[in-house]
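Heads up, the thing below is written out as structure tokens.
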Amino acid sequence: MKLISARFGLRTRLIAAFLFVAAVSAATTATLTYREARSAILQQAQDTAVAQFRDRVSARGIDLPPDRLGLRDMCLALARDGKARPWTVFAEYGSLRVSSSDRPTSTVITPALRAASQENSHGSFQRVVKDGKPWLTVGMPTLFNRGDGRQPTGLVLYAVMPLATEEANVAAMVSAARDGALPALLIALVPALLAARSVLRPVRDLRRAAAGIGRGELHTRIAVRGSDELAGLARTFNESSTKLEESVEELRRAEERARRFASDVSHELRTPLAGMLAVTEVLDEDAAGLRPDTAAAVRLISTETGKLATLVEDLMEISRFDAGAVDLHSDEVDVAETIRKTLQARHWEHRVRTELPCGVRAVLDPRRFDVVIANLVGNALRHGAEPVTVRVRSGWRDGAPRLVTEVEDSGPGIDAAVLPHIFDRFYKADAARTRSTGSGLGLAITRENVRLHGGTVHAANGPAGGAVFTVELPLEGE
């Protein structure tokens with residue numbers, strides 16, 4: 001059933017169901033009509049023949065005991081009396097057998113009819129099919145009156161009448177019904193199409209409306225027609241769309257307030273943080289001459305102030321992405337040289353292994369690419385294990401050249417439950433790790449910078465363990 005549903009559309013199935021019901025109804029009606037008509041035709045022929053034969057036999061005088069010549073004449077006379085349908089008459093008296101034909105006996109007359117005719121003074125009849133041909137056989141005993149009622153004489157007359165004409169009429173009726181079935185189905189196709197159209201119109205409207213909702217057109221509504229189940233479905237869809245639009249609008253306002261708050265707070269904190277950083281630099285220089293406990297406090301203040309400054313800068317960067325206020329300042333660079341400068345600027349060149357082929361050039365924003373590499377390598381050094389490896393290679397995807405950069409660490413890897421959320425803002429795989437040297441925004445900023453370049457970034461676990469972050473950027477000019 002699922003395969004049929006997948007292969008044929010709803011319109012086809014509705015029309016097929018309608019035509020199936022029409023065909024079944026027509027076949028049932030035709031069958032019942034055929035049975036009734038066939039019974040009526042055969043019954044009429046049977047009743048007429050039985051009544052006529054009984055009357056003809058009753059009107060004949062019989063000399064007992066009958067002789068062969070007299071019975072032959074009687075059979076011929078009775079055969080000539082069959083007006084509506086010709087019949088052949090057979091007479092049986094003891095061992096004497098005579099007929100109106102050249103054969104004294106008939107194979108159509110059954111023993112059951114002979115027994116019934118001898119027992120029933122009013123006669124009996126039977127429909128018989130012999131060699132594929134239908135026959136009506138009538139057995140009528142002759143009677144005489146001895147003063148105590150009519151008694152059988154022992155002479156039984158049989159009339160054998162073919163029913164070919166009646167069967168031909170029935171066959172013609174069946175052929176007419178069969179020949180009329182196809183036009184009837186073609187006529188039924190018209191209301192089937194109209195019914196399918198009336199049913200599918202709201203379904204199509206619902207599909208278009210659902211597609212509009214999927215595209216973010218939350219104002220989409222369906223025109224409600226009538227009061228049936230489909231109209232109720234349309235009203236429910238409209239109510240759901242209204243609630244969804246209101247909820248999404250409220251979420252957008254809340255998100256906008258949160259973004260504005262983060263941006264405002266970041267801007268407000270930037271100025272005092274600049275002063276705090278200047279002071280902590282001075283205190284760091286003089287920490288060696290202070291008492292040990294005072295020096296430890298000064299260094300802690302300096303470290304935490306640096307973390308706060310990093311967080312504020314990351315928040316401002318995310319706010320710029322959210323506001324769409326970021327631009328690419330692209331330039332053609334040597335990828336290997338750019339990555340080496342990133343590692344040297346952070347003094348990581350002795351902690352990170354590199355596989356950087358020469359001659360790979362790409363058009364990208366050097367500052368933002370520096371942020372991408374720094375965030376990925378810093379994340380590997382903090383949460384993975386050394387050695388950390390950075391690889392660069394050229395590749396192809398969807399028929400277009402790509403710059404592929406991989407950052408792999410030697411740690412235990414990333415838990416499968418964490419992988420879908422690794423680039424979420426402030427997401428921490430370990431709930432107990434509430435404090436770290438990072439802001440929790442590094443990978444989120446990395447993803448935004450990669451997207452800005454038209455590329456992709458994803459995280460996985462290497463075959464030998466350890467996390468592998470892969471950045472793919474489009475290569476131009478190849």
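The chains in the structure tokens are called A, B, ... from first to last as shown; in each chain the residues are counted from 1, and the ligands are counted from 1 in the order shown.
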Non-local contacts of Ile301 in chain A (10 Å; only C-alpha atoms; under 6 positions in same chain excluded) as a PDB file with N, CA and C atoms, in the first residue's frame:
```pdb
ATOM      1  N   MET A 276      41.772  49.633  32.717  1.00  0.00           N
ATOM      2  CA  MET A 276      42.159  48.547  33.608  1.00  0.00           C
ATOM      3  C   MET A 276      43.345  47.776  33.052  1.00  0.00           C
ATOM      4  N   LEU A 277      43.347  47.550  31.728  1.00  0.00           N
ATOM      5  CA  LEU A 277      44.474  46.845  31.121  1.00  0.00           C
ATOM      6  C   LEU A 277      45.766  47.639  31.251  1.00  0.00           C
ATOM      7  N   THR A 280      46.874  47.244  34.827  1.00  0.00           N
ATOM      8  CA  THR A 280      47.407  45.914  35.143  1.00  0.00           C
ATOM      9  C   THR A 280      48.769  45.682  34.501  1.00  0.00           C
ATOM     10  N   LEU A 283      51.101  47.228  36.907  1.00  0.00           N
ATOM     11  CA  LEU A 283      51.210  46.406  38.115  1.00  0.00           C
ATOM     12  C   LEU A 283      52.007  45.147  37.851  1.00  0.00           C
ATOM     13  N   ASP A 284      51.862  44.558  36.647  1.00  0.00           N
ATOM     14  CA  ASP A 284      52.638  43.360  36.313  1.00  0.00           C
ATOM     15  C   ASP A 284      54.135  43.651  36.323  1.00  0.00           C
ATOM     16  N   ALA A 295      51.701  40.205  45.138  1.00  0.00           N
ATOM     17  CA  ALA A 295      52.078  39.930  43.752  1.00  0.00           C
ATOM     18  C   ALA A 295      51.134  38.910  43.125  1.00  0.00           C
ATOM     19  N   LYS A 307      41.131  38.118  30.384  1.00  0.00           N
ATOM     20  CA  LYS A 307      40.014  37.273  29.951  1.00  0.00           C
ATOM     21  C   LYS A 307      38.772  38.114  29.659  1.00  0.00           C
TER      22      LYS A 307
END
```
Using only C-alpha atoms, find each residue in range 93-178 of chain A having at least one atom no more than 12 Å away from range 75-81 of chain A; report its shortest atom-to-atom pair and that distance in Å (one decimal), rows by chain then rising number, as JSON lines.
```
{"residue": "A:Arg97", "atom": "CA", "partner": "A:Cys75", "partner_atom": "CA", "distance": 11.0}
{"residue": "A:Val98", "atom": "CA", "partner": "A:Cys75", "partner_atom": "CA", "distance": 7.7}
{"residue": "A:Ser99", "atom": "CA", "partner": "A:Cys75", "partner_atom": "CA", "distance": 5.8}
{"residue": "A:Ser100", "atom": "CA", "partner": "A:Leu76", "partner_atom": "CA", "distance": 4.8}
{"residue": "A:Ser101", "atom": "CA", "partner": "A:Leu76", "partner_atom": "CA", "distance": 8.2}
{"residue": "A:Asp102", "atom": "CA", "partner": "A:Leu76", "partner_atom": "CA", "distance": 11.1}
{"residue": "A:Pro104", "atom": "CA", "partner": "A:Cys75", "partner_atom": "CA", "distance": 10.7}
{"residue": "A:Val156", "atom": "CA", "partner": "A:Cys75", "partner_atom": "CA", "distance": 11.3}
{"residue": "A:Leu157", "atom": "CA", "partner": "A:Cys75", "partner_atom": "CA", "distance": 8.2}
{"residue": "A:Tyr158", "atom": "CA", "partner": "A:Cys75", "partner_atom": "CA", "distance": 9.3}
{"residue": "A:Ala159", "atom": "CA", "partner": "A:Ala79", "partner_atom": "CA", "distance": 8.2}
{"residue": "A:Val160", "atom": "CA", "partner": "A:Ala79", "partner_atom": "CA", "distance": 9.8}
{"residue": "A:Met161", "atom": "CA", "partner": "A:Ala79", "partner_atom": "CA", "distance": 10.2}
```
Using DSSP on the backbone coordinates, identify the residues of range 288-456 of chain A assigned to alpha helix (DSSP H); present them as a VMD selection string. chain A and resid 292 to 323 335 to 345 366 to 383 442 to 452
* **Shell of 7 Å around range 376-381 of chain A, only C-alpha atoms, local chain residues under 4 positions omitted, as a ChimeraX atom specification** => /A:372,385-386,388,407,409
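CA of Val224 in chain A to CA of Ala209 in chain A spans 12.6 Å [interatomic distance, one decimal].
Minimum atom-to-atom distance to Leu443 in chain A, evaluated using only C-alpha atoms, belongs to A:Asp424 out of A:Glu406, A:Asp205, A:Asp424, A:Asp398.
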Which neighbours of Arg221 in chain A fall inside 9 Å, counting only C-alpha atoms, when residues of the same chain fewer than 4 positions from it are skipped, and could you give them as a short mmCIF file (atom, residue, chain, number, x, y, z; two decimals) with C-alpha atoms, in the first residue's frame?
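This is the output file part-v6.cif:
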```cif
data_model
loop_
_atom_site.label_atom_id
_atom_site.label_comp_id
_atom_site.auth_asym_id
_atom_site.auth_seq_id
_atom_site.Cartn_x
_atom_site.Cartn_y
_atom_site.Cartn_z
CA LEU A 206 -2.60 23.85 2.27
CA ALA A 209 0.66 27.65 2.47
CA ALA A 234 -7.81 25.29 6.98
CA PHE A 237 -3.80 25.93 9.95
CA ASN A 238 -4.60 29.65 9.99
CA GLU A 239 -4.82 29.68 13.78
CA SER A 241 0.13 30.17 11.58
CA THR A 242 -1.08 33.18 13.58
#
```
Surrounding residues of Gly154 in chain A excluding itself and chain neighbours under 4 positions, 12 Å, only C-alpha atoms, as a VMD selection string = chain A and resid 62 64 to 66 91 to 96 114 117 to 119 121 140 to 144
Check: From the set A:Leu113, A:Val138, A:Ile222, A:Leu300, which residue has the shortest atom-to-atom contact distance to Arg54 in chain A, counting only C-alpha atoms?
Finding: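 Nearest candidate to Arg54 in chain A out of A:Leu113, A:Val138, A:Ile222, A:Leu300: A:Val138.
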_Env of Arg299 in chain A: 12 Å cut, atoms = only C-alpha atoms, seq-sep filter 6 positions within chain, self excluded. Answer as a list in words._
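These residues fall inside the cut-off: Leu277, Val279, Thr280, Glu281, Val282, Leu283, Asp284, Glu285, Asp286, Ala287, Ala288, Leu290, Pro292, Asp293, Thr305 and Gly306 of chain A.
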Write out, as a PDB file, in the first residue's frame, the residues just selected, with N, CA and C atoms.
```pdb
ATOM      1  N   LEU A 277      43.347  47.550  31.728  1.00  0.00           N
ATOM      2  CA  LEU A 277      44.474  46.845  31.121  1.00  0.00           C
ATOM      3  C   LEU A 277      45.766  47.639  31.251  1.00  0.00           C
ATOM      4  N   VAL A 279      46.484  49.739  33.612  1.00  0.00           N
ATOM      5  CA  VAL A 279      46.918  49.688  35.007  1.00  0.00           C
ATOM      6  C   VAL A 279      47.532  48.338  35.332  1.00  0.00           C
ATOM      7  N   THR A 280      46.874  47.244  34.827  1.00  0.00           N
ATOM      8  CA  THR A 280      47.407  45.914  35.143  1.00  0.00           C
ATOM      9  C   THR A 280      48.769  45.682  34.501  1.00  0.00           C
ATOM     10  N   GLU A 281      49.033  46.302  33.351  1.00  0.00           N
ATOM     11  CA  GLU A 281      50.361  46.178  32.758  1.00  0.00           C
ATOM     12  C   GLU A 281      51.424  46.803  33.664  1.00  0.00           C
ATOM     13  N   VAL A 282      51.070  47.959  34.211  1.00  0.00           N
ATOM     14  CA  VAL A 282      52.011  48.615  35.128  1.00  0.00           C
ATOM     15  C   VAL A 282      52.212  47.773  36.378  1.00  0.00           C
ATOM     16  N   LEU A 283      51.101  47.228  36.907  1.00  0.00           N
ATOM     17  CA  LEU A 283      51.210  46.406  38.115  1.00  0.00           C
ATOM     18  C   LEU A 283      52.007  45.147  37.851  1.00  0.00           C
ATOM     19  N   ASP A 284      51.862  44.558  36.647  1.00  0.00           N
ATOM     20  CA  ASP A 284      52.638  43.360  36.313  1.00  0.00           C
ATOM     21  C   ASP A 284      54.135  43.651  36.323  1.00  0.00           C
ATOM     22  N   GLU A 285      54.495  44.839  35.843  1.00  0.00           N
ATOM     23  CA  GLU A 285      55.917  45.187  35.799  1.00  0.00           C
ATOM     24  C   GLU A 285      56.493  45.345  37.194  1.00  0.00           C
ATOM     25  N   ASP A 286      55.668  45.814  38.144  1.00  0.00           N
ATOM     26  CA  ASP A 286      56.162  46.052  39.502  1.00  0.00           C
ATOM     27  C   ASP A 286      55.862  44.906  40.442  1.00  0.00           C
ATOM     28  N   ALA A 287      55.212  43.808  39.909  1.00  0.00           N
ATOM     29  CA  ALA A 287      54.810  42.720  40.792  1.00  0.00           C
ATOM     30  C   ALA A 287      55.996  42.044  41.449  1.00  0.00           C
ATOM     31  N   ALA A 288      57.145  42.034  40.754  1.00  0.00           N
ATOM     32  CA  ALA A 288      58.312  41.346  41.321  1.00  0.00           C
ATOM     33  C   ALA A 288      58.794  42.005  42.615  1.00  0.00           C
ATOM     34  N   LEU A 290      56.837  43.395  44.907  1.00  0.00           N
ATOM     35  CA  LEU A 290      55.791  43.390  45.923  1.00  0.00           C
ATOM     36  C   LEU A 290      55.890  42.147  46.791  1.00  0.00           C
ATOM     37  N   PRO A 292      54.821  38.595  48.280  1.00  0.00           N
ATOM     38  CA  PRO A 292      54.326  37.457  47.496  1.00  0.00           C
ATOM     39  C   PRO A 292      52.811  37.403  47.386  1.00  0.00           C
ATOM     40  N   ASP A 293      52.086  37.588  48.496  1.00  0.00           N
ATOM     41  CA  ASP A 293      50.631  37.505  48.418  1.00  0.00           C
ATOM     42  C   ASP A 293      50.055  38.650  47.588  1.00  0.00           C
ATOM     43  N   THR A 305      41.500  40.253  34.047  1.00  0.00           N
ATOM     44  CA  THR A 305      41.193  41.419  33.222  1.00  0.00           C
ATOM     45  C   THR A 305      41.433  41.107  31.747  1.00  0.00           C
ATOM     46  N   GLY A 306      42.482  40.349  31.461  1.00  0.00           N
ATOM     47  CA  GLY A 306      42.740  39.938  30.079  1.00  0.00           C
ATOM     48  C   GLY A 306      41.631  39.056  29.537  1.00  0.00           C
TER      49      GLY A 306
END
```
Expressed in Å to a single decimal, how great is the separation between CA of Gly440 in chain A and CA of Arg340 in chain A?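 One can read the CA of Gly440 in chain A to CA of Arg340 in chain A distance as 24.9 Å.
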Quick one: residues within 9 Å of Arg368 in chain A, only C-alpha atoms, excluding same-chain residues fewer than 3 positions away - as a CSV table (one decimal) with C-alpha atoms, in the first residue's frame?
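This went into around.csv:
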```
chain,number,residue,atom,x,y,z
A,328,LEU,CA,35.4,41.1,3.7
A,329,HIS,CA,38.6,42.8,2.7
A,364,LEU,CA,40.5,35.6,1.2
A,365,ASP,CA,40.5,38.2,4.1
A,371,VAL,CA,41.1,34.5,13.4
A,372,VAL,CA,39.8,31.2,12.0
A,373,ILE,CA,43.2,29.4,12.3
A,446,THR,CA,35.1,30.8,13.5
A,449,ASN,CA,34.0,34.0,9.5
A,450,VAL,CA,34.0,30.8,7.4
```
Of A:Leu475, A:Ala323, A:Ala417, A:Val363, the one sitting nearest Trp396 in chain A when using only C-alpha atoms is A:Leu475
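Here CA of Leu218 in chain A is placed at a distance of 14.6 Å from CA of Thr236 in chain A.
Minimum atom-to-atom distance to Thr220 in chain A, evaluated using only C-alpha atoms, belongs to A:Glu245 out of A:Arg204, A:Ala416, A:Ala49, A:Glu245.
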Practice problem: Between A:Ala374, A:Ile109, A:Leu136, A:Val312, single out the one closest to Ala45 in chain A, counting only C-alpha atoms. | Solution: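 Among the listed residues, the smallest separation from Ala45 in chain A belongs to A:Leu136.
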**Prompt:** Can you list every residue in range 298-371 of chain A that DSSP puts in strand (DSSP E), as a list of chain:residue names?
**Reply:**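 Selection result, strand (DSSP E) within range 298-371 of chain A: A:Asp331, A:Glu332, A:Val333, A:Asp334, A:Val352, A:Arg353, A:Thr354, A:Glu355, A:Arg361, A:Ala362, A:Val363, A:Leu364.
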